[in-house]
Amino acid sequence: YLNSLRYGSLVVQIAQRSYTQAIINEIQGIDFCEQALSAIEAEEEKSKEQQHFADKKIDNTQTKLLVKTQIALFEMKRKVVVAVDADAAAAMNTPFKVAKRKLDEIESAMQQSVRACPPLIYSRYHFVCSQLWKSQQHSDTLPSDISWAAMFYKHAMSYLGYTALSQIENTLQWADDIALTALIAPDFYDFGELSLHPIMQTLKGSEQEWVLDILNAFIEADVNAYNTVASKYAQRIASNDILRTAAPSTILNEKIRLL
C-alpha cells in the first residue's frame, strides 16, 4: 500500500514538474497520468489471481484517486476550441465543468472509502480544488449564489490544514491570495482562523505587507484602523486584481462595519 501511494505521488510530481517546465502540455499530461492508472489497474487485476492469499490482495483505490486529482488539474488547463457548428452540449462542456465533475467524483469516492484517506490525498484534492476556483476569478458564468473567492478560500484553507508549511511552494502568493479572498468573500466574517496561521507572517516585510495591514484591521474589527490603511493604500487597493473582482465593489467598507 505504501509503495503504491509513493508511486502515485511520484506520478503526480513528474507530471506537474514536466508541465511546469513546458516539457509536456496538458493533453500529454492527461495521457501520462492515464497510462499510470492503467498500470495500477493492471497490478490490481494480477492480484485477483492470488485472492486466496489475504496478504496478497492489492487495493490501489487511494493511489488512483491521487493520480486522478492531477488529471482534473490538467483538464482545467485545457485550451478551449469550440467549433462553429458545435452543439450546445459540447459548447457547455468547458474545462472548468469537466474538471469539477472529476473532482466531485473524487470527493464522493473519498467519502465512501472504507479506509481513511491519508493527508497526502486530501492535500492534493484541496490544492486542485483551490486552483479550479481561482481559474474562475474573472468568469461571468458562475451562478449568482456562488462566489469564486469563497470557494477558493474554503479549499485553500483546507489545503493548508493538510499540508506542512515547508512543503508549500510560493507561500507568499498563497498568503496574498488567501487574505484577499477572505476580505472579498460574501458572508465571511471569521478572520480568527486566518490570523492564527503562520503563512500570514510571510507577508511581513514583503511588497504585499499592505494586505496584512488591511487584514489586521479586519481581525481587530477596527473601523478607524481600516479607514487609515484604506486611505494609505488606496491606489494599491484600486489596482489589485483580486479586489477589483469584489461584488459589490464596496464590500470591504460594508464588512468592516459589520464586524
# chains A, B, ... in the order shown; residues from 1 in each chain; ligands from 1
>>> residues_around(residues="range 13-22 of chain A", least_positions_apart="3", cutoff="12 Å", atoms="only C-alpha atoms", output="VMD selection string")
chain A and resid 6 to 10 25 to 36 66 to 74 77 124 128
>>> residues_around(residues="Gly161 in chain A", least_positions_apart="4", cutoff="9 Å", atoms="only C-alpha atoms", output="mmCIF file with C-alpha atoms, in the first residue's frame")
data_model
loop_
_atom_site.group_PDB
_atom_site.id
_atom_site.type_symbol
_atom_site.label_atom_id
_atom_site.label_comp_id
_atom_site.auth_asym_id
_atom_site.auth_seq_id
_atom_site.Cartn_x
_atom_site.Cartn_y
_atom_site.Cartn_z
ATOM 1 C CA SER A 123 -3.888 17.898 0.434
ATOM 2 C CA ALA A 156 -7.100 26.870 0.197
ATOM 3 C CA MET A 157 -7.506 26.787 3.975
#
>>> atom_distance(atom1="CA of Pro198 in chain A", atom2="CA of Leu183 in chain A")
17.9 Å
>>> residues_around(residues="range 216-226 of chain A", least_positions_apart="3", cutoff="10 Å", atoms="only C-alpha atoms", output="ChimeraX atom specification")
/A:183,189-195,210-213,229-232,252-253,255-259
>>> write_last_selection(atoms="C-alpha atoms", output="PDB file, in the first residue's frame")
ATOM      1  CA  LEU A 183     -11.666  40.049   2.502  1.00  0.00           C
ATOM      2  CA  TYR A 189     -16.528  37.388   8.756  1.00  0.00           C
ATOM      3  CA  ASP A 190     -14.497  34.902  10.801  1.00  0.00           C
ATOM      4  CA  PHE A 191     -10.900  36.071  10.417  1.00  0.00           C
ATOM      5  CA  GLY A 192      -9.697  34.323  13.571  1.00  0.00           C
ATOM      6  CA  GLU A 193      -8.554  31.101  11.857  1.00  0.00           C
ATOM      7  CA  LEU A 194      -6.692  33.067   9.230  1.00  0.00           C
ATOM      8  CA  SER A 195      -4.943  35.289  11.778  1.00  0.00           C
ATOM      9  CA  TRP A 210      -0.111  46.278   2.900  1.00  0.00           C
ATOM     10  CA  VAL A 211      -2.505  43.313   2.535  1.00  0.00           C
ATOM     11  CA  LEU A 212      -1.575  42.205   6.052  1.00  0.00           C
ATOM     12  CA  ASP A 213      -2.199  45.738   7.352  1.00  0.00           C
ATOM     13  CA  VAL A 229      -4.910  51.849   5.821  1.00  0.00           C
ATOM     14  CA  ALA A 230      -7.586  52.118   3.121  1.00  0.00           C
ATOM     15  CA  SER A 231      -6.594  55.736   2.579  1.00  0.00           C
ATOM     16  CA  LYS A 232      -2.886  54.935   2.743  1.00  0.00           C
ATOM     17  CA  LEU A 252     -14.757  45.979   2.243  1.00  0.00           C
ATOM     18  CA  ASN A 253     -16.445  49.069   3.670  1.00  0.00           C
ATOM     19  CA  LYS A 255     -17.896  44.153   6.006  1.00  0.00           C
ATOM     20  CA  ILE A 256     -15.686  46.151   8.353  1.00  0.00           C
ATOM     21  CA  ARG A 257     -18.764  47.901   9.735  1.00  0.00           C
ATOM     22  CA  LEU A 258     -20.489  44.619  10.440  1.00  0.00           C
ATOM     23  CA  LEU A 259     -17.635  43.114  12.443  1.00  0.00           C
TER      24      LEU A 259
END
>>> residues_around(residues="range 111-118 of chain A", least_positions_apart="5", cutoff="9 Å", atoms="only C-alpha atoms", output="list in words")
Thr61, Gln62, Ile106 and Ser123 of chain A
>>> write_last_selection(atoms="all heavy atoms", output="CSV table (one decimal), in the first residue's frame")
chain,number,residue,atom,x,y,z
A,61,THR,N,-7.1,1.9,-4.6
A,61,THR,CA,-8.1,2.9,-4.8
A,61,THR,C,-7.6,4.3,-4.4
A,61,THR,O,-7.8,5.3,-5.2
A,61,THR,CB,-9.3,2.6,-3.8
A,61,THR,OG1,-9.9,1.4,-4.2
A,61,THR,CG2,-10.4,3.7,-4.0
A,62,GLN,N,-6.9,4.5,-3.3
A,62,GLN,CA,-6.5,5.8,-2.9
A,62,GLN,C,-5.4,6.3,-3.8
A,62,GLN,O,-5.3,7.5,-4.1
A,62,GLN,CB,-6.0,5.7,-1.4
A,62,GLN,CG,-7.1,5.4,-0.5
A,62,GLN,CD,-6.7,5.4,1.0
A,62,GLN,OE1,-5.5,5.4,1.3
A,62,GLN,NE2,-7.7,5.3,1.9
A,106,ILE,N,-14.1,12.4,-7.2
A,106,ILE,CA,-13.0,12.1,-6.2
A,106,ILE,C,-13.5,12.3,-4.8
A,106,ILE,O,-13.3,11.5,-3.9
A,106,ILE,CB,-11.8,12.9,-6.5
A,106,ILE,CG1,-11.2,12.5,-7.9
A,106,ILE,CG2,-10.8,12.8,-5.4
A,106,ILE,CD1,-10.1,13.5,-8.4
A,123,SER,N,-4.7,16.7,0.8
A,123,SER,CA,-3.9,17.9,0.4
A,123,SER,C,-4.0,18.2,-1.1
A,123,SER,O,-4.2,19.3,-1.5
A,123,SER,CB,-2.4,17.7,0.9
A,123,SER,OG,-1.6,18.7,0.3
>>> residues_around(residues="Leu203 in chain A", least_positions_apart="5", cutoff="7 Å", atoms="only C-alpha atoms", output="JSON, numbers by chain")
{"A": [172, 175, 208, 209, 212]}
>>> write_last_selection(atoms="C-alpha atoms", output="PDB file, in the first residue's frame")
ATOM      1  CA  LEU A 172       3.874  34.499  -0.254  1.00  0.00           C
ATOM      2  CA  ALA A 175      -0.825  34.129   1.780  1.00  0.00           C
ATOM      3  CA  GLN A 208       2.439  42.778  -0.108  1.00  0.00           C
ATOM      4  CA  GLU A 209       2.639  43.751   3.557  1.00  0.00           C
ATOM      5  CA  LEU A 212      -1.575  42.205   6.052  1.00  0.00           C
TER       6      LEU A 212
END
>>> closest_residue(among="A:Ala246, A:Ile251, A:Val11, A:Ile237", to="Gln137 in chain A", atoms="only C-alpha atoms")
A:Ala246
>>> atom_distance(atom1="CA of Leu243 in chain A", atom2="CA of Tyr159 in chain A")
22.2 Å
>>> select_by_dssp(residues="range 129-208 of chain A", states="alpha helix (DSSP H)", output="VMD selection string")
chain A and resid 129 to 134 148 to 162 171 to 184 192 to 196
>>> closest_residue(among="A:Ala149, A:Arg236, A:Pro143, A:Ala179", to="Leu215 in chain A", atoms="only C-alpha atoms")
A:Ala179
>>> atom_distance(atom1="CA of His155 in chain A", atom2="CA of Thr250 in chain A")
24.9 Å
>>> closest_residue(among="A:Thr94, A:Thr245, A:Gln167, A:Ser38", to="Ala185 in chain A", atoms="only C-alpha atoms")
A:Thr245
